[in-house]
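**Q** Here it is, the structure, as structure tokens.
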Protein chains: 2
Amino acid sequence: MSVSKTIPVAWQRTHDHGQCIAGAIDAAARICESRGIRLTPLRRRVLELVWENHKPVGAYGLLDELKREHSSAAPPTIYRALDFLMEQGFVHRIQSLNAYVGCNDPGHSHKGIFLICNDCGDALEIEDKGVANTIDRFASRLGFLLTSQSVEAAGLCPGCQEA
Amino acid sequence: MSVSKTIPVAWQRTHDHGQCIAGAIDAAARICESRGIRLTPLRRRVLELVWENHKPVGAYGLLDELKREHSSAAPPTIYRALDFLMEQGFVHRIQSLNAYVGCNDPGHSHKGIFLICNDCGDALEIEDKGVANTIDRFASRLGFLLTSQSVEAAGLCPGCQEA
DNA sequence: TCAGCTTTTGTTATCTTATATCGTAACGGC
DNA sequence: GCCGTTACGATATAAGATAACAAAAGCTGA
Ligand SMILES: [Zn+2]
Ligand SMILES: [Zn+2]
Ligand SMILES: [Zn+2]
Ligand SMILES: [Zn+2]
């Protein structure tokens, strides 16, 4: 039997990262094209680095990696790129980790929920209209005008529970 | 008519802060008593400062205030007190603001949801089992073992929409 | 009481994360 | 080619958090 019956695909570390990175870059490139904005080499490279890590990674971690091939990189370099990528929805920020992770489903606005493993550090982005709607209802009942929401849960992923 | 029909009491800035601070300190003192732990003068004072602000306040903001009357205070002073207060559930951390706020309902374990106003900076803690349960269900369906969750929503509170 | 342990606080230094500012270069419509 | 806009380079600094070790204060049981 496949492990996928017990461990969701997103938690499997065996898939082809190369392909999943390429897919994310292609998607971002197409979206930028359609929006008439520029996915510059720098921005593209930062997005690649985010995906290469394939788990939440800090801005200074990205900076170190970028510096190896782009010696002029400095904190603003990374933060500008990340700001752009987040504005466009290609990358999410994990508030509880001060870290950034690629979005599985860019191009369509959504309110993600993150399940973060305290052991391996991986973060699974899931989408659940139920949670978002419950929050929306609560807010409107209180007369609160929502503009953004962040839902993050931490614990142990299936793989790390075995250890 | 009272404004409370349209604006939830928590958003009203007209209540007696002095009493609400005193109530929070008393509650904390009683809980510490019952748990056999020490609400030292320092910890008590930091809790007071959190409540005096009456909205999320950063660690260094608290530090500046504490220094005025306690010149030996340094970053570890504040962070230790905040760690203690958070462990005991007297204070919550707002991840998206790197800020700390007093808990309305200490002493009983709960998973709060915060509605944060981007204009006035106030944060309303609400409790909704629905959201927590939805997240729990999601996690268990994925085989994820939850240990903590953070739900924060940002927008405009009723008062700040009028402006 | 006071020795010995635990908890709390003092002190200094350092680390991590993020922004401000200003100047220069590249792009794109005309 | 000109010019407004956008993006990038470079330096400095702000803001948030922790490490490490020493000193003081509280507790506990001879
Ligand atoms: Zn996403
Ligand atoms: Zn894990
Ligand atoms: Zn609370
Ligand atoms: Zn407001």
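For the structure tokens, the naming scheme is as follows: chains receive sequential letters (A, B, ...) according to their order of presentation, residues are indexed from 1 within each chain, and ligands are indexed from 1 in presentation order.
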If we count only C-alpha atoms (C1' of nucleotides) and set the cut-off at 12 Å, which residues sit around stretch 3-11 of chain D, ignoring sequence neighbours fewer than 5 positions away in its own chain? Please answer as a PDB file with C-alpha atoms (C1' of nucleotides), in the first residue's frame.
**A**
ATOM      1  CA  ILE A  37       3.970  43.230 -13.863  1.00  0.00           C
ATOM      2  CA  ARG A  38       7.568  42.142 -13.874  1.00  0.00           C
ATOM      3  CA  LEU A  39       8.951  38.965 -12.431  1.00  0.00           C
ATOM      4  CA  THR A  40      12.516  40.240 -12.601  1.00  0.00           C
ATOM      5  CA  PRO A  41      15.461  37.823 -12.409  1.00  0.00           C
ATOM      6  CA  LEU A  42      15.994  38.790  -8.799  1.00  0.00           C
ATOM      7  CA  ARG A  43      12.393  38.195  -7.826  1.00  0.00           C
ATOM      8  CA  HIS A  70      24.607  37.775  -6.039  1.00  0.00           C
ATOM      9  CA  SER A  71      27.158  39.459  -3.855  1.00  0.00           C
ATOM     10  CA  SER A  72      25.413  42.813  -3.786  1.00  0.00           C
ATOM     11  CA  ALA A  73      22.408  41.372  -1.993  1.00  0.00           C
ATOM     12  CA  ALA A  74      21.515  43.032   1.307  1.00  0.00           C
ATOM     13  CA  PRO A  75      18.498  42.852   3.615  1.00  0.00           C
ATOM     14  CA  PRO A  76      16.444  45.282   1.539  1.00  0.00           C
ATOM     15  CA  THR A  77      17.085  43.132  -1.517  1.00  0.00           C
ATOM     16  CA  ILE A  78      15.363  40.173   0.089  1.00  0.00           C
ATOM     17  CA  ARG A  80      11.707  43.931  -1.396  1.00  0.00           C
ATOM     18  CA  ALA A  81      11.517  40.687  -3.285  1.00  0.00           C
ATOM     19  CA  PHE A  84       6.551  41.726  -4.054  1.00  0.00           C
TER      20      PHE A  84
ATOM     21  C1'  DA C  20      14.785  54.075   6.652  1.00  0.00           C
ATOM     22  C1'  DT C  21      17.146  56.710   3.440  1.00  0.00           C
ATOM     23  C1'  DC C  22      19.265  58.140  -0.438  1.00  0.00           C
ATOM     24  C1'  DG C  23      21.459  57.432  -4.726  1.00  0.00           C
ATOM     25  C1'  DT C  24      21.752  54.992  -9.219  1.00  0.00           C
ATOM     26  C1'  DA C  25      20.205  52.171 -12.961  1.00  0.00           C
ATOM     27  C1'  DA C  26      16.842  50.042 -15.876  1.00  0.00           C
ATOM     28  C1'  DC C  27      12.419  50.041 -18.106  1.00  0.00           C
ATOM     29  C1'  DG C  28       8.523  51.713 -20.972  1.00  0.00           C
ATOM     30  C1'  DG C  29       5.419  54.991 -23.215  1.00  0.00           C
ATOM     31  C1'  DC C  30       5.652  58.848 -26.002  1.00  0.00           C
TER      32       DC C  30
END
**Q** Can you move chain A onto chain B by a least-squares fit over all C-alpha atoms paired in order, then give me the moved copy as a short mmCIF file (atom, residue, chain, number, x, y, z; two decimals) with C-alpha atoms, in the first residue's frame?
**A**
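Final file, out15.cif:
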data_model
loop_
_atom_site.label_atom_id
_atom_site.label_comp_id
_atom_site.auth_asym_id
_atom_site.auth_seq_id
_atom_site.Cartn_x
_atom_site.Cartn_y
_atom_site.Cartn_z
CA MET A 1 -29.99 54.34 23.12
CA SER A 2 -26.72 52.98 24.33
CA VAL A 3 -23.88 52.69 21.93
CA SER A 4 -23.55 49.10 22.99
CA LYS A 5 -26.25 48.07 20.59
CA THR A 6 -23.96 48.71 17.67
CA ILE A 7 -20.52 48.66 19.21
CA PRO A 8 -19.59 45.65 21.32
CA VAL A 9 -18.52 46.51 24.81
CA ALA A 10 -14.97 45.43 24.18
CA TRP A 11 -14.63 48.14 21.55
CA GLN A 12 -15.95 50.84 23.78
CA ARG A 13 -13.16 52.93 25.13
CA THR A 14 -15.28 54.40 27.85
CA HIS A 15 -15.25 51.72 30.48
CA ASP A 16 -13.38 52.13 33.75
CA HIS A 17 -9.84 51.07 32.96
CA GLY A 18 -8.78 51.36 36.56
CA GLN A 19 -11.27 48.77 37.63
CA CYS A 20 -10.54 46.49 34.73
CA ILE A 21 -6.81 46.59 35.52
CA ALA A 22 -7.43 45.89 39.18
CA GLY A 23 -9.67 43.00 38.27
CA ALA A 24 -7.06 41.46 36.04
CA ILE A 25 -4.37 41.74 38.70
CA ASP A 26 -6.61 40.28 41.36
CA ALA A 27 -7.54 37.38 39.13
CA ALA A 28 -3.88 36.70 38.36
CA ALA A 29 -2.96 36.91 42.04
CA ARG A 30 -5.64 34.43 42.99
CA ILE A 31 -4.66 32.03 40.23
CA CYS A 32 -0.99 32.19 41.23
CA GLU A 33 -1.97 31.56 44.84
CA SER A 34 -3.93 28.49 43.85
CA ARG A 35 -1.14 27.21 41.64
CA GLY A 36 1.53 27.77 44.26
CA ILE A 37 3.59 30.05 42.06
CA ARG A 38 4.83 33.55 42.65
CA LEU A 39 3.42 36.70 41.17
CA THR A 40 6.46 38.73 42.16
CA PRO A 41 6.31 42.54 42.28
CA LEU A 42 8.11 42.70 38.96
CA ARG A 43 5.74 40.30 37.26
CA ARG A 44 2.76 42.01 38.77
CA ARG A 45 4.01 45.38 37.60
CA VAL A 46 4.56 44.16 34.04
CA LEU A 47 1.07 42.71 34.01
CA GLU A 48 -0.23 46.08 35.20
CA LEU A 49 1.66 47.85 32.45
CA VAL A 50 0.21 45.52 29.86
CA TRP A 51 -3.26 46.29 31.11
CA GLU A 52 -2.63 50.00 31.47
CA ASN A 53 -1.89 50.16 27.78
CA HIS A 54 -5.10 48.29 27.25
CA LYS A 55 -4.09 47.36 23.75
CA PRO A 56 -1.29 45.31 22.28
CA VAL A 57 2.05 46.76 23.32
CA GLY A 58 5.55 45.77 22.31
CA ALA A 59 8.13 44.38 24.70
CA TYR A 60 10.34 47.43 24.32
CA GLY A 61 7.43 49.74 24.91
CA LEU A 62 6.80 47.97 28.18
CA LEU A 63 10.50 48.12 28.91
CA ASP A 64 10.58 51.90 28.51
CA GLU A 65 7.69 52.27 30.90
CA LEU A 66 9.18 49.88 33.40
CA LYS A 67 12.55 51.62 33.31
CA ARG A 68 11.03 54.85 34.61
CA GLU A 69 10.44 53.25 37.96
CA HIS A 70 12.87 50.37 37.83
CA SER A 71 16.12 51.56 36.37
CA SER A 72 17.77 48.15 36.33
CA ALA A 73 15.24 46.81 33.84
CA ALA A 74 16.70 45.40 30.63
CA PRO A 75 15.27 43.33 27.78
CA PRO A 76 15.57 40.04 29.67
CA THR A 77 13.63 41.58 32.54
CA ILE A 78 10.63 42.16 30.32
CA TYR A 79 10.90 38.97 28.34
CA ARG A 80 11.16 36.86 31.47
CA ALA A 81 8.11 38.50 32.93
CA LEU A 82 6.20 38.15 29.67
CA ASP A 83 7.19 34.51 29.36
CA PHE A 84 5.89 33.88 32.83
CA LEU A 85 2.67 35.77 32.22
CA MET A 86 2.09 33.94 28.94
CA GLU A 87 2.81 30.55 30.47
CA GLN A 88 0.20 31.26 33.10
CA GLY A 89 -2.23 32.51 30.49
CA PHE A 90 -2.45 36.06 31.82
CA VAL A 91 -1.10 37.59 28.64
CA HIS A 92 -1.31 36.67 24.98
CA ARG A 93 1.16 37.39 22.27
CA ILE A 94 -0.16 38.90 19.06
CA GLN A 95 2.07 37.28 16.48
CA SER A 96 1.28 39.65 13.67
CA LEU A 97 2.22 42.67 15.78
CA ASN A 98 5.03 41.29 17.92
CA ALA A 99 3.00 42.66 20.77
CA TYR A 100 1.44 41.52 24.00
CA VAL A 101 -2.00 42.02 25.43
CA GLY A 102 -3.79 41.05 28.62
CA CYS A 103 -6.12 38.07 28.52
CA ASN A 104 -9.74 38.79 29.28
CA ASP A 105 -10.38 35.38 30.64
CA PRO A 106 -7.32 33.98 32.37
CA GLY A 107 -7.40 30.88 34.49
CA HIS A 108 -9.23 28.71 32.09
CA SER A 109 -7.41 27.32 29.11
CA HIS A 110 -8.76 28.63 25.87
CA LYS A 111 -7.90 29.28 22.28
CA GLY A 112 -8.52 32.91 21.58
CA ILE A 113 -9.17 34.66 18.34
CA PHE A 114 -8.00 38.21 17.91
CA LEU A 115 -9.64 40.90 15.86
CA ILE A 116 -7.03 43.60 15.40
CA CYS A 117 -7.84 47.12 14.24
CA ASN A 118 -5.28 48.46 11.81
CA ASP A 119 -6.22 52.01 12.67
CA CYS A 120 -6.51 52.32 16.45
CA GLY A 121 -4.40 49.25 17.15
CA ASP A 122 -6.86 47.76 19.57
CA ALA A 123 -7.31 44.01 19.68
CA LEU A 124 -10.45 42.22 20.69
CA GLU A 125 -10.10 38.73 22.02
CA ILE A 126 -13.05 36.57 21.28
CA GLU A 127 -13.65 32.95 21.88
CA ASP A 128 -15.23 30.66 19.42
CA LYS A 129 -15.25 26.94 19.83
CA GLY A 130 -16.36 26.61 16.23
CA VAL A 131 -13.13 27.89 14.76
CA ALA A 132 -11.01 25.93 17.21
CA ASN A 133 -12.98 22.77 16.57
CA THR A 134 -12.78 23.14 12.82
CA ILE A 135 -9.02 23.42 13.07
CA ASP A 136 -8.91 20.46 15.43
CA ARG A 137 -10.94 18.33 13.04
CA PHE A 138 -8.77 19.31 10.14
CA ALA A 139 -5.61 18.49 12.05
CA SER A 140 -6.77 15.11 13.27
CA ARG A 141 -7.99 14.16 9.82
CA LEU A 142 -4.44 14.79 8.62
CA GLY A 143 -2.91 12.92 11.53
CA PHE A 144 -1.46 16.11 12.93
CA LEU A 145 -1.12 16.39 16.70
CA LEU A 146 -2.00 19.95 17.68
CA THR A 147 -0.40 21.73 20.58
CA SER A 148 -1.26 25.34 19.91
CA GLN A 149 -3.08 27.54 17.50
CA SER A 150 -3.10 31.20 16.66
CA VAL A 151 -5.94 32.92 14.89
CA GLU A 152 -5.59 36.59 14.13
CA ALA A 153 -7.71 38.76 11.87
CA ALA A 154 -7.00 42.36 10.97
CA GLY A 155 -9.20 45.12 9.67
CA LEU A 156 -11.14 48.08 10.97
CA CYS A 157 -13.10 48.17 14.19
CA PRO A 158 -16.56 49.74 14.21
CA GLY A 159 -15.31 53.00 15.65
CA CYS A 160 -12.56 53.45 13.11
CA GLN A 161 -14.81 52.77 10.13
CA GLU A 162 -16.69 55.98 10.74
CA ALA A 163 -13.65 58.16 10.15
#
**Q** Using only C-alpha atoms (C1' of nucleotides), I'd like every residue of chain C that has an atom within 10 Å of chain B; please write them out as a PDB file with all heavy atoms, in the first residue's frame.
**A**
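Produced file out_25.pdb, reproduced below:
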ATOM      1  P    DT C   7      12.953  25.370  41.094  1.00  0.00           P
ATOM      2  OP1  DT C   7      11.615  24.784  40.924  1.00  0.00           O
ATOM      3  OP2  DT C   7      14.033  25.116  40.121  1.00  0.00           O
ATOM      4  O5'  DT C   7      12.773  26.947  41.240  1.00  0.00           O
ATOM      5  C5'  DT C   7      12.013  27.449  42.327  1.00  0.00           C
ATOM      6  C4'  DT C   7      12.119  28.948  42.372  1.00  0.00           C
ATOM      7  O4'  DT C   7      13.468  29.336  42.731  1.00  0.00           O
ATOM      8  C3'  DT C   7      11.828  29.637  41.031  1.00  0.00           C
ATOM      9  O3'  DT C   7      10.834  30.612  41.259  1.00  0.00           O
ATOM     10  C2'  DT C   7      13.164  30.241  40.616  1.00  0.00           C
ATOM     11  C1'  DT C   7      13.846  30.443  41.959  1.00  0.00           C
ATOM     12  N1   DT C   7      15.328  30.457  41.939  1.00  0.00           N
ATOM     13  C2   DT C   7      15.993  31.531  42.508  1.00  0.00           C
ATOM     14  O2   DT C   7      15.421  32.473  43.013  1.00  0.00           O
ATOM     15  N3   DT C   7      17.353  31.442  42.454  1.00  0.00           N
ATOM     16  C4   DT C   7      18.111  30.428  41.908  1.00  0.00           C
ATOM     17  O4   DT C   7      19.335  30.466  41.925  1.00  0.00           O
ATOM     18  C5   DT C   7      17.351  29.341  41.331  1.00  0.00           C
ATOM     19  C7   DT C   7      18.073  28.181  40.707  1.00  0.00           C
ATOM     20  C6   DT C   7      16.005  29.404  41.369  1.00  0.00           C
ATOM     21  P    DT C   8      10.226  31.433  40.038  1.00  0.00           P
ATOM     22  OP1  DT C   8       8.818  31.719  40.382  1.00  0.00           O
ATOM     23  OP2  DT C   8      10.560  30.783  38.766  1.00  0.00           O
ATOM     24  O5'  DT C   8      11.038  32.807  40.144  1.00  0.00           O
ATOM     25  C5'  DT C   8      11.016  33.523  41.361  1.00  0.00           C
ATOM     26  C4'  DT C   8      12.046  34.627  41.318  1.00  0.00           C
ATOM     27  O4'  DT C   8      13.367  34.069  41.246  1.00  0.00           O
ATOM     28  C3'  DT C   8      11.940  35.574  40.120  1.00  0.00           C
ATOM     29  O3'  DT C   8      11.607  36.861  40.604  1.00  0.00           O
ATOM     30  C2'  DT C   8      13.318  35.520  39.467  1.00  0.00           C
ATOM     31  C1'  DT C   8      14.184  35.008  40.592  1.00  0.00           C
ATOM     32  N1   DT C   8      15.443  34.313  40.198  1.00  0.00           N
ATOM     33  C2   DT C   8      16.647  34.861  40.567  1.00  0.00           C
ATOM     34  O2   DT C   8      16.757  35.896  41.190  1.00  0.00           O
ATOM     35  N3   DT C   8      17.744  34.139  40.166  1.00  0.00           N
ATOM     36  C4   DT C   8      17.744  32.944  39.451  1.00  0.00           C
ATOM     37  O4   DT C   8      18.796  32.395  39.158  1.00  0.00           O
ATOM     38  C5   DT C   8      16.447  32.434  39.095  1.00  0.00           C
ATOM     39  C7   DT C   8      16.332  31.151  38.324  1.00  0.00           C
ATOM     40  C6   DT C   8      15.364  33.131  39.483  1.00  0.00           C
ATOM     41  P    DT C   9      11.383  38.069  39.584  1.00  0.00           P
ATOM     42  OP1  DT C   9      10.469  39.016  40.244  1.00  0.00           O
ATOM     43  OP2  DT C   9      11.086  37.527  38.255  1.00  0.00           O
ATOM     44  O5'  DT C   9      12.841  38.754  39.533  1.00  0.00           O
ATOM     45  C5'  DT C   9      13.380  39.334  40.703  1.00  0.00           C
ATOM     46  C4'  DT C   9      14.803  39.765  40.456  1.00  0.00           C
ATOM     47  O4'  DT C   9      15.590  38.617  40.064  1.00  0.00           O
ATOM     48  C3'  DT C   9      14.990  40.794  39.328  1.00  0.00           C
ATOM     49  O3'  DT C   9      15.590  41.944  39.888  1.00  0.00           O
ATOM     50  C2'  DT C   9      15.868  40.080  38.312  1.00  0.00           C
ATOM     51  C1'  DT C   9      16.580  39.055  39.167  1.00  0.00           C
ATOM     52  N1   DT C   9      17.091  37.861  38.466  1.00  0.00           N
ATOM     53  C2   DT C   9      18.446  37.593  38.502  1.00  0.00           C
ATOM     54  O2   DT C   9      19.242  38.303  39.071  1.00  0.00           O
ATOM     55  N3   DT C   9      18.811  36.457  37.833  1.00  0.00           N
ATOM     56  C4   DT C   9      17.996  35.571  37.148  1.00  0.00           C
ATOM     57  O4   DT C   9      18.448  34.584  36.598  1.00  0.00           O
ATOM     58  C5   DT C   9      16.587  35.915  37.156  1.00  0.00           C
ATOM     59  C7   DT C   9      15.605  35.029  36.446  1.00  0.00           C
ATOM     60  C6   DT C   9      16.210  37.026  37.803  1.00  0.00           C
ATOM     61  P    DG C  10      16.060  43.137  38.924  1.00  0.00           P
ATOM     62  OP1  DG C  10      15.947  44.385  39.713  1.00  0.00           O
ATOM     63  OP2  DG C  10      15.382  43.028  37.615  1.00  0.00           O
ATOM     64  O5'  DG C  10      17.610  42.798  38.729  1.00  0.00           O
ATOM     65  C5'  DG C  10      18.471  42.816  39.863  1.00  0.00           C
ATOM     66  C4'  DG C  10      19.935  42.894  39.437  1.00  0.00           C
ATOM     67  O4'  DG C  10      20.333  41.636  38.835  1.00  0.00           O
ATOM     68  C3'  DG C  10      20.261  43.972  38.401  1.00  0.00           C
ATOM     69  O3'  DG C  10      21.521  44.539  38.753  1.00  0.00           O
ATOM     70  C2'  DG C  10      20.314  43.195  37.081  1.00  0.00           C
ATOM     71  C1'  DG C  10      20.858  41.844  37.529  1.00  0.00           C
ATOM     72  N9   DG C  10      20.421  40.696  36.734  1.00  0.00           N
ATOM     73  C8   DG C  10      19.131  40.349  36.436  1.00  0.00           C
ATOM     74  N7   DG C  10      19.029  39.255  35.736  1.00  0.00           N
ATOM     75  C5   DG C  10      20.344  38.842  35.555  1.00  0.00           C
ATOM     76  C6   DG C  10      20.867  37.713  34.868  1.00  0.00           C
ATOM     77  O6   DG C  10      20.249  36.827  34.266  1.00  0.00           O
ATOM     78  N1   DG C  10      22.262  37.682  34.937  1.00  0.00           N
ATOM     79  C2   DG C  10      23.045  38.615  35.585  1.00  0.00           C
ATOM     80  N2   DG C  10      24.355  38.412  35.532  1.00  0.00           N
ATOM     81  N3   DG C  10      22.568  39.668  36.226  1.00  0.00           N
ATOM     82  C4   DG C  10      21.218  39.723  36.169  1.00  0.00           C
ATOM     83  P    DT C  11      22.108  45.781  38.001  1.00  0.00           P
ATOM     84  OP1  DT C  11      23.034  46.480  38.908  1.00  0.00           O
ATOM     85  OP2  DT C  11      20.963  46.509  37.401  1.00  0.00           O
ATOM     86  O5'  DT C  11      22.962  45.123  36.830  1.00  0.00           O
ATOM     87  C5'  DT C  11      23.909  44.111  37.172  1.00  0.00           C
ATOM     88  C4'  DT C  11      24.700  43.714  35.936  1.00  0.00           C
ATOM     89  O4'  DT C  11      24.129  42.511  35.347  1.00  0.00           O
ATOM     90  C3'  DT C  11      24.717  44.775  34.824  1.00  0.00           C
ATOM     91  O3'  DT C  11      26.053  45.069  34.507  1.00  0.00           O
ATOM     92  C2'  DT C  11      23.957  44.122  33.677  1.00  0.00           C
ATOM     93  C1'  DT C  11      24.169  42.636  33.951  1.00  0.00           C
ATOM     94  N1   DT C  11      23.114  41.737  33.410  1.00  0.00           N
ATOM     95  C2   DT C  11      23.489  40.535  32.831  1.00  0.00           C
ATOM     96  O2   DT C  11      24.634  40.173  32.755  1.00  0.00           O
ATOM     97  N3   DT C  11      22.452  39.772  32.372  1.00  0.00           N
ATOM     98  C4   DT C  11      21.099  40.093  32.409  1.00  0.00           C
ATOM     99  O4   DT C  11      20.249  39.340  31.956  1.00  0.00           O
ATOM    100  C5   DT C  11      20.779  41.363  33.021  1.00  0.00           C
ATOM    101  C7   DT C  11      19.352  41.790  33.115  1.00  0.00           C
ATOM    102  C6   DT C  11      21.796  42.110  33.490  1.00  0.00           C
TER     103       DT C  11
END
**Q** Looking only at alpha helix (DSSP H) from DSSP on the backbone, list the matching residues of stretch 63-92 of chain B as a list in words.
**A**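 Selecting the alpha helix (DSSP H) positions of stretch 63-92 of chain B gives Leu63, Asp64, Glu65, Leu66, Lys67, Arg68, Glu69, Pro75, Pro76, Thr77, Ile78, Tyr79, Arg80, Ala81, Leu82, Asp83, Phe84, Leu85, Met86 and Glu87 of chain B.
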**Q** Could you save the residues just selected, with C-alpha atoms, as a PDB file, in the first residue's frame?
**A**
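Saved result, out.pdb, follows:
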ATOM      1  CA  LEU B  63      10.551  48.078  28.909  1.00  0.00           C
ATOM      2  CA  ASP B  64      10.650  51.847  28.451  1.00  0.00           C
ATOM      3  CA  GLU B  65       7.755  52.244  30.834  1.00  0.00           C
ATOM      4  CA  LEU B  66       9.233  49.881  33.377  1.00  0.00           C
ATOM      5  CA  LYS B  67      12.614  51.600  33.278  1.00  0.00           C
ATOM      6  CA  ARG B  68      11.117  54.848  34.551  1.00  0.00           C
ATOM      7  CA  GLU B  69      10.518  53.292  37.924  1.00  0.00           C
ATOM      8  CA  PRO B  75      15.318  43.258  27.830  1.00  0.00           C
ATOM      9  CA  PRO B  76      15.592  39.983  29.769  1.00  0.00           C
ATOM     10  CA  THR B  77      13.623  41.554  32.591  1.00  0.00           C
ATOM     11  CA  ILE B  78      10.645  42.118  30.361  1.00  0.00           C
ATOM     12  CA  TYR B  79      10.900  38.920  28.403  1.00  0.00           C
ATOM     13  CA  ARG B  80      11.123  36.819  31.549  1.00  0.00           C
ATOM     14  CA  ALA B  81       8.077  38.510  33.003  1.00  0.00           C
ATOM     15  CA  LEU B  82       6.186  38.130  29.738  1.00  0.00           C
ATOM     16  CA  ASP B  83       7.168  34.473  29.488  1.00  0.00           C
ATOM     17  CA  PHE B  84       5.838  33.883  32.953  1.00  0.00           C
ATOM     18  CA  LEU B  85       2.637  35.801  32.304  1.00  0.00           C
ATOM     19  CA  MET B  86       2.057  33.945  29.050  1.00  0.00           C
ATOM     20  CA  GLU B  87       2.736  30.557  30.610  1.00  0.00           C
TER      21      GLU B  87
END
**Q** When DSSP is applied to the backbone of this structure, which of chain A are assigned strand (DSSP E or B)? Write them out as a VMD selection string.
**A** chain A and resid 57 91 to 94 99 to 102 112 to 117 123 to 127 145 to 156
